[in-house]
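Take a look at the structure set out below.
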Protein chains: 2
Amino acid sequence: MEEMGLALATDLYELTMAQSYWEHGMHGQAVFSLFVRTLPQGRGYLVAAGLEDVLRYLEGLRFTASDLQYLESTGIFSPPFLEYLAGLRFTGEVWAVTEGSLVFANEPILEVKAPIIEAQLAETYIINQVHLQTVIATKAARCVWAAKGRVLVDFAFRRTHGLEAGLKVARCCYLVGFAATSNVLAGKVYGIPVAGTMAHSYVMAFPSELEAFQAFARSFPERSVLLIDTYDTLQGARIAALVGQEMAQRGHRLRGVRLDSGDLLSLSREVRKILDEAGLTEAQIFASGGLDEWEIEALVRGGAPIDAFGIGTRMGVSADAPWLDMAYKLVEYEGRPVLKLSQGKATLPGAKQVFRFYDGKGAMARDVLALRGEQMPGGRPLLRQVMKEGRILGPLPTLQELRRHFHEEFARLPEPYKDLHSPAKYTVEVSPGIASLQQQLAISPRGAGPSAR
Amino acid sequence: MEEMGLALATDLYELTMAQSYWEHGMHGQAVFSLFVRTLPQGRGYLVAAGLEDVLRYLEGLRFTASDLQYLESTGIFSPPFLEYLAGLRFTGEVWAVTEGSLVFANEPILEVKAPIIEAQLAETYIINQVHLQTVIATKAARCVWAAKGRVLVDFAFRRTHGLEAGLKVARCCYLVGFAATSNVLAGKVYGIPVAGTMAHSYVMAFPSELEAFQAFARSFPERSVLLIDTYDTLQGARIAALVGQEMAQRGHRLRGVRLDSGDLLSLSREVRKILDEAGLTEAQIFASGGLDEWEIEALVRGGAPIDAFGIGTRMGVSADAPWLDMAYKLVEYEGRPVLKLSQGKATLPGAKQVFRFYDGKGAMARDVLALRGEQMPGGRPLLRQVMKEGRILGPLPTLQELRRHFHEEFARLPEPYKDLHSPAKYTVEVSPGIASLQQQLAISPRGAGPSAR
């Protein structure tokens, strides 16, 4: 996508508003805040992700000649405004939480401060990228939590919403602790370990399951994971065991078998028994097929002897919560805090900081949502400045570093908030500064203005 | 995405299986069938989409030097196999239904016939693209049906799963009858009309709502749609009416107002009254904010005086059904029909054709799922050959042509199947040819093979 120029990856109104701002000489500094209004049912936390894409987009933002030609062809924009767009660059600053951080309702994931045209234009891209990656990182983190240390592999690529989504899903999974992805492109682009087994079609292309397994074992003497449910799982397991024994005789090693259908709890037990009785105690059992955090949790609780899970579609589209109520809202213009009163969508005014407080053991206790300038002794500020005058500040963290960051953050979140069914509600307080500002503005909204009353 | 090379947009196992096929000299012709096993709850039909992307991918499929370098770096693949991959092209044929066609459970959307390595390798991309676009075209078609002729605009871009998904969503919406999209990039790439209004931030950046509306009206004297719910919707409507009257005095025209929160049914009535009383009978009312097909249906049934709907997130991620149980399954290898018996995932063997039968008035009556070679007099075959020897056959239909095709197809589907709550189940019969083949193979599966028993 990058190569086609991303400046047009925006909603039309961002550009029409920009033209109007430009015509009226409105180049004042605006602060926009990106946050999630409410957490989906059953979610106790969110894992923020997507910042790196946003920063690279902002640093590279420019309209190509063909972008401008297209805009001209719509008949909506004036030639002098298009000339202005040709020279437009993002010159502002960004404050953000590190990717992999835990955030809660109403907490800014990032804030942009820039001349209003620049900050406005970036809205669509910023929401689009942070939304997708936060949705997926959160869902994937729930799977990791449910798996209690068992290996997880991202199998979602075929049913993610496009290839780009597949790449971002693989990245977010790795960020929160998945071991690998089946997505080869993600392996190349992000350096994530790749993994895979075999498909039913492979088994079906051979005259018999035995011949299929034997052929695969010859091709991959050390990394064969045989898919055993094409016809009959237990019969498949016995054939795999036979092939595993043949491999052992050759000095090779059957890595494992995969179950992709049926009752995974009982099947995994029976298959384990078959493998063990054949002396293949080190051959692992992989499970896949419609899995999500609740299925994983049930299998782990039931003591299923499953070593690794392939997690696909339900995670890759975050099936139970495929979207978040994420918004990018103007909170300050020319130094004046502003707020919106729309029913059910009211916003908190002013540029912000989130302060996190921990208990004596280092566990997360509560957050305070404060104005950027407020002091909260003992609280750790979560938003750091990551862009200044349109340039990324310092080297971006690597994916490995972000993975470590998530791991450390998540360890500090007490278990009740991690529950997959009825998580406890984490406390986010609003600072005195915000509360008084909000009250003051709500009593006397700028909105209607005297002339309209 | 195109520029980075798409050959690695695949799951690792497609490549490991390919190496194994290659090592065993398995280059036989395989037929893979792409279909949806079951329709999601409440869906009476699917709108097939995504074929154009698949055909372009297949025609351009090749591994770049950097792809091969990456594969080599994994340590999984042998140098001679990588050399083979360097020369690999897709040389097979594709049969498919036209995009915008209605399909039902188990009906092939497309079938690929090619040497097994080529057909297998393409699995991930094919499912990924057809899955996303079929999910979205179906959801968007439901919105069009619910709107009963009112104008729909795609507002989903900011919360689609990535930019690529946003582009495909815009395309699918237009395919099924949306009037426009807010997605400027989709406007450029697909030539779809673009539309938009203004954001709350615009209103908030001015000292008052009146000044904001006046400024926008001066910038866009013919296309201003004023967002009136930033502070108080009815007050906003009165201010918009004032501005509309000012515009009329200047010989301009207020295009309309937009509601984005609250009870849209009652608000739209009150706002209509305010506009009418101000003499602005031609100013339209646009509604947006968490809309989906059920909300639209309720507003239309309630007689809400809404002229156009902006449809966003819930459509753009297909919130109630963000994925389909879509599979790409081997149904024939070297002329031998094959099937899978996995619990809950059994497949129908053989290359197929779908025959559609109509009643005397041209309405869809039933489909018959048949073997490719079977004759079904009176039935219209839905799958056409669209690729031969790796080349696209003839010019691809334009998006306008596909839009017309969907419109005509959809008009032939009787209303009970379109119901948004409890749609009737459309009849799809299995031909005698498939039934007997299935029975024959199920009795004597190829799977386990005598040597394993």
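Each chain in the structure tokens gets a letter, A, B and so on, in the order shown; residues start at 1 in every chain, and ligands are counted from 1 in the order they appear.
Residues in contact with segment 296-304 of chain A at 10 Å, where only C-alpha atoms are counted and same-chain residues fewer than 2 positions away are skipped, are listed as Arg142, Cys143, Val144, Trp145, Ala146, Ala147, Lys148, Arg150, Asp263, Leu264, Leu265, Ser266, Leu267, Ser268, Arg269, Arg272, Ile285, Ala287, Ser288, Leu291, Asp292, Glu293, Trp294, Ile306, Asp307, Phe309, Ile311 and Leu420 of chain A.
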Please report, as an mmCIF file with C-alpha atoms, in the first residue's frame, each residue of segment 228-402 of chain A to which DSSP assigns alpha helix (DSSP H) when run on this structure's backbone.
data_model
loop_
_atom_site.group_PDB
_atom_site.id
_atom_site.type_symbol
_atom_site.label_atom_id
_atom_site.label_comp_id
_atom_site.auth_asym_id
_atom_site.auth_seq_id
_atom_site.Cartn_x
_atom_site.Cartn_y
_atom_site.Cartn_z
ATOM 1 C CA THR A 233 -8.958 -39.021 13.667
ATOM 2 C CA LEU A 234 -8.058 -42.060 15.762
ATOM 3 C CA GLN A 235 -7.287 -44.168 12.726
ATOM 4 C CA GLY A 236 -5.223 -41.213 11.494
ATOM 5 C CA ALA A 237 -3.384 -41.147 14.810
ATOM 6 C CA ARG A 238 -2.520 -44.844 14.523
ATOM 7 C CA ILE A 239 -1.202 -44.339 10.996
ATOM 8 C CA ALA A 240 0.802 -41.318 12.169
ATOM 9 C CA ALA A 241 2.225 -43.414 15.011
ATOM 10 C CA LEU A 242 3.309 -46.049 12.518
ATOM 11 C CA VAL A 243 5.021 -43.400 10.423
ATOM 12 C CA GLY A 244 6.571 -41.919 13.564
ATOM 13 C CA GLN A 245 8.069 -45.296 14.413
ATOM 14 C CA GLU A 246 9.418 -45.648 10.864
ATOM 15 C CA MET A 247 10.972 -42.216 11.215
ATOM 16 C CA ALA A 248 12.575 -43.123 14.546
ATOM 17 C CA GLN A 249 14.100 -46.201 12.948
ATOM 18 C CA LEU A 264 -10.571 -31.753 20.867
ATOM 19 C CA LEU A 265 -10.561 -32.595 24.574
ATOM 20 C CA SER A 266 -11.410 -36.277 24.255
ATOM 21 C CA LEU A 267 -9.616 -36.727 20.937
ATOM 22 C CA SER A 268 -6.398 -35.206 22.259
ATOM 23 C CA ARG A 269 -6.427 -37.651 25.177
ATOM 24 C CA GLU A 270 -6.970 -40.659 22.966
ATOM 25 C CA VAL A 271 -4.393 -39.492 20.476
ATOM 26 C CA ARG A 272 -1.874 -38.888 23.263
ATOM 27 C CA LYS A 273 -2.422 -42.453 24.404
ATOM 28 C CA ILE A 274 -1.884 -43.812 20.895
ATOM 29 C CA LEU A 275 1.315 -41.834 20.466
ATOM 30 C CA ASP A 276 2.640 -42.750 23.915
ATOM 31 C CA GLU A 277 1.903 -46.444 23.411
ATOM 32 C CA GLU A 293 -9.771 -17.692 24.007
ATOM 33 C CA TRP A 294 -12.796 -19.439 25.528
ATOM 34 C CA GLU A 295 -12.153 -22.707 23.697
ATOM 35 C CA ILE A 296 -8.499 -22.580 24.683
ATOM 36 C CA GLU A 297 -9.427 -21.889 28.290
ATOM 37 C CA ALA A 298 -11.842 -24.832 28.361
ATOM 38 C CA LEU A 299 -9.284 -27.196 26.829
ATOM 39 C CA VAL A 300 -6.530 -26.069 29.204
ATOM 40 C CA ARG A 301 -8.828 -26.334 32.222
ATOM 41 C CA THR A 313 -10.367 -16.754 12.080
ATOM 42 C CA ARG A 314 -12.095 -15.938 15.355
ATOM 43 C CA MET A 315 -8.952 -14.246 16.615
ATOM 44 C CA GLY A 316 -8.001 -12.751 13.240
ATOM 45 C CA LEU A 399 9.023 -5.728 17.697
ATOM 46 C CA GLN A 400 11.048 -7.807 20.163
ATOM 47 C CA GLU A 401 11.277 -4.852 22.529
ATOM 48 C CA LEU A 402 7.543 -4.228 22.269
#
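Proximity to Gly25 of chain B was assessed for B:Phe81, B:Phe155, B:Phe355, B:Tyr417 counting only C-alpha atoms; the smallest distance is recorded for B:Phe81.
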Where does DSSP see strand (DSSP E) in segment 166-348 of chain A, if you list the residues as a ChimeraX atom specification?
/A:180-181,225-227,256-259,284-287,308-311,326-333,336-337
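Neighbouring residues of Gln133 of chain B at 8 Å or closer, counting only C-alpha atoms and skipping chain neighbours under 3 positions away, are Ala48, Ala49, Gly50, Gln129, Val130, Ile136, Ala137, Lys168, Val169 and Cys172 of chain B.
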How would the residues just chosen look if you wrote them out with C-alpha atoms as a PDB file, in the first residue's frame?
ATOM      1  CA  ALA B  48     -20.018 -13.235  -4.292  1.00  0.00           C
ATOM      2  CA  ALA B  49     -17.187 -10.730  -4.732  1.00  0.00           C
ATOM      3  CA  GLY B  50     -13.410 -10.566  -4.990  1.00  0.00           C
ATOM      4  CA  GLN B 129      -9.764 -11.849  -0.944  1.00  0.00           C
ATOM      5  CA  VAL B 130     -13.022 -13.585  -1.802  1.00  0.00           C
ATOM      6  CA  ILE B 136     -18.837  -7.125   2.920  1.00  0.00           C
ATOM      7  CA  ALA B 137     -20.848  -7.246  -0.321  1.00  0.00           C
ATOM      8  CA  LYS B 168     -12.402  -3.298  -0.779  1.00  0.00           C
ATOM      9  CA  VAL B 169     -15.316  -2.239   1.412  1.00  0.00           C
ATOM     10  CA  CYS B 172     -18.202  -3.858  -2.540  1.00  0.00           C
TER      11      CYS B 172
END
Tell me which protein, DNA and RNA residues are within 7 Å of segment 15-18 of chain B, counting only C-alpha atoms, leaving out same-chain ones fewer than 2 positions away, and put them as an mmCIF file with N, CA and C atoms, in the first residue's frame.
data_model
loop_
_atom_site.group_PDB
_atom_site.id
_atom_site.type_symbol
_atom_site.label_atom_id
_atom_site.label_comp_id
_atom_site.auth_asym_id
_atom_site.auth_seq_id
_atom_site.Cartn_x
_atom_site.Cartn_y
_atom_site.Cartn_z
ATOM 1 N N MET A 198 0.351 -29.293 7.640
ATOM 2 C CA MET A 198 -0.048 -29.738 6.299
ATOM 3 C C MET A 198 -1.565 -29.565 6.203
ATOM 4 N N TYR A 202 -3.410 -32.211 1.042
ATOM 5 C CA TYR A 202 -2.187 -32.999 0.869
ATOM 6 C C TYR A 202 -2.504 -34.482 1.085
ATOM 7 N N LEU B 12 2.595 -20.849 5.423
ATOM 8 C CA LEU B 12 3.836 -21.626 5.273
ATOM 9 C C LEU B 12 3.563 -23.029 4.746
ATOM 10 N N TYR B 13 2.480 -23.652 5.198
ATOM 11 C CA TYR B 13 2.272 -25.052 4.784
ATOM 12 C C TYR B 13 2.013 -25.208 3.304
ATOM 13 N N SER B 20 7.214 -30.790 -0.875
ATOM 14 C CA SER B 20 7.037 -32.241 -0.800
ATOM 15 C C SER B 20 6.442 -32.784 -2.110
ATOM 16 N N TYR B 21 5.442 -32.116 -2.649
ATOM 17 C CA TYR B 21 4.885 -32.532 -3.952
ATOM 18 C C TYR B 21 5.990 -32.563 -5.001
ATOM 19 N N TRP B 22 6.783 -31.524 -4.979
ATOM 20 C CA TRP B 22 7.845 -31.393 -5.972
ATOM 21 C C TRP B 22 8.870 -32.530 -5.825
ATOM 22 N N ILE B 117 0.667 -28.030 -7.177
ATOM 23 C CA ILE B 117 1.491 -27.034 -6.463
ATOM 24 C C ILE B 117 0.949 -25.619 -6.685
ATOM 25 N N LEU B 121 -0.794 -23.399 -3.676
ATOM 26 C CA LEU B 121 -0.087 -22.187 -3.268
ATOM 27 C C LEU B 121 -1.006 -20.969 -3.204
#
Of the candidates A:Leu55, A:Cys173, A:Ile127, A:Val31, which shows the shortest atom-to-atom distance to Ala114 of chain A, using only C-alpha atoms?
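Of all the options, A:Val31 lies closest to Ala114 of chain A.
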Need to verify the contact set: segment 94-101 of chain B, 6 Å, only C-alpha atoms, exclusion of same-chain residues closer than 3 positions in sequence. Can you return it as a list in words?
Val47, Ala48, Ala49, Ile109, Leu110, Glu111, Val112, Leu382, Leu383, Arg384, Gln385, Val386, Met387 and Phe406 of chain B
Could you please take those selected residues and save N, CA and C atoms as an mmCIF file, in the first residue's frame?
data_model
loop_
_atom_site.group_PDB
_atom_site.id
_atom_site.type_symbol
_atom_site.label_atom_id
_atom_site.label_comp_id
_atom_site.auth_asym_id
_atom_site.auth_seq_id
_atom_site.Cartn_x
_atom_site.Cartn_y
_atom_site.Cartn_z
ATOM 1 N N VAL B 47 -23.512 -12.500 -1.450
ATOM 2 C CA VAL B 47 -23.162 -11.822 -2.704
ATOM 3 C C VAL B 47 -21.678 -12.095 -2.957
ATOM 4 N N ALA B 48 -21.407 -12.864 -3.994
ATOM 5 C CA ALA B 48 -20.018 -13.235 -4.292
ATOM 6 C C ALA B 48 -19.252 -12.021 -4.790
ATOM 7 N N ALA B 49 -18.029 -11.838 -4.270
ATOM 8 C CA ALA B 49 -17.187 -10.730 -4.732
ATOM 9 C C ALA B 49 -15.721 -11.061 -4.476
ATOM 10 N N ILE B 109 -17.988 -20.707 -5.457
ATOM 11 C CA ILE B 109 -17.865 -19.338 -5.958
ATOM 12 C C ILE B 109 -16.830 -19.326 -7.075
ATOM 13 N N LEU B 110 -15.811 -20.153 -6.903
ATOM 14 C CA LEU B 110 -14.866 -20.370 -7.996
ATOM 15 C C LEU B 110 -14.225 -21.731 -7.838
ATOM 16 N N GLU B 111 -13.718 -22.235 -8.961
ATOM 17 C CA GLU B 111 -12.954 -23.474 -8.945
ATOM 18 C C GLU B 111 -11.666 -23.271 -9.743
ATOM 19 N N VAL B 112 -10.587 -23.778 -9.171
ATOM 20 C CA VAL B 112 -9.269 -23.663 -9.802
ATOM 21 C C VAL B 112 -8.842 -25.049 -10.249
ATOM 22 N N LEU B 382 -24.014 -21.165 -13.620
ATOM 23 C CA LEU B 382 -23.487 -19.923 -13.023
ATOM 24 C C LEU B 382 -21.983 -19.769 -13.172
ATOM 25 N N LEU B 383 -21.270 -20.884 -13.203
ATOM 26 C CA LEU B 383 -19.799 -20.796 -13.288
ATOM 27 C C LEU B 383 -19.376 -20.716 -14.747
ATOM 28 N N ARG B 384 -18.578 -19.705 -15.033
ATOM 29 C CA ARG B 384 -18.040 -19.545 -16.389
ATOM 30 C C ARG B 384 -16.523 -19.634 -16.312
ATOM 31 N N GLN B 385 -15.921 -20.086 -17.396
ATOM 32 C CA GLN B 385 -14.459 -20.120 -17.393
ATOM 33 C C GLN B 385 -13.949 -18.696 -17.586
ATOM 34 N N VAL B 386 -13.103 -18.250 -16.663
ATOM 35 C CA VAL B 386 -12.615 -16.872 -16.700
ATOM 36 C C VAL B 386 -11.096 -16.803 -16.837
ATOM 37 N N MET B 387 -10.438 -17.939 -16.732
ATOM 38 C CA MET B 387 -8.977 -17.980 -16.911
ATOM 39 C C MET B 387 -8.599 -19.300 -17.565
ATOM 40 N N PHE B 406 -25.370 -7.169 -10.306
ATOM 41 C CA PHE B 406 -25.951 -7.426 -8.989
ATOM 42 C C PHE B 406 -27.395 -6.951 -8.939
#
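Nearest to chain A of all the residues B:Thr124, B:Gln353, B:Thr281, B:Gln214 is B:Thr124, based on only C-alpha atoms.
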Find the residues near Thr347 of chain A: any atom within 8 Å, counting only C-alpha atoms, skip ones fewer than 6 places away on the same chain, and give them as a ChimeraX atom specification.
/A:329,331,339-341
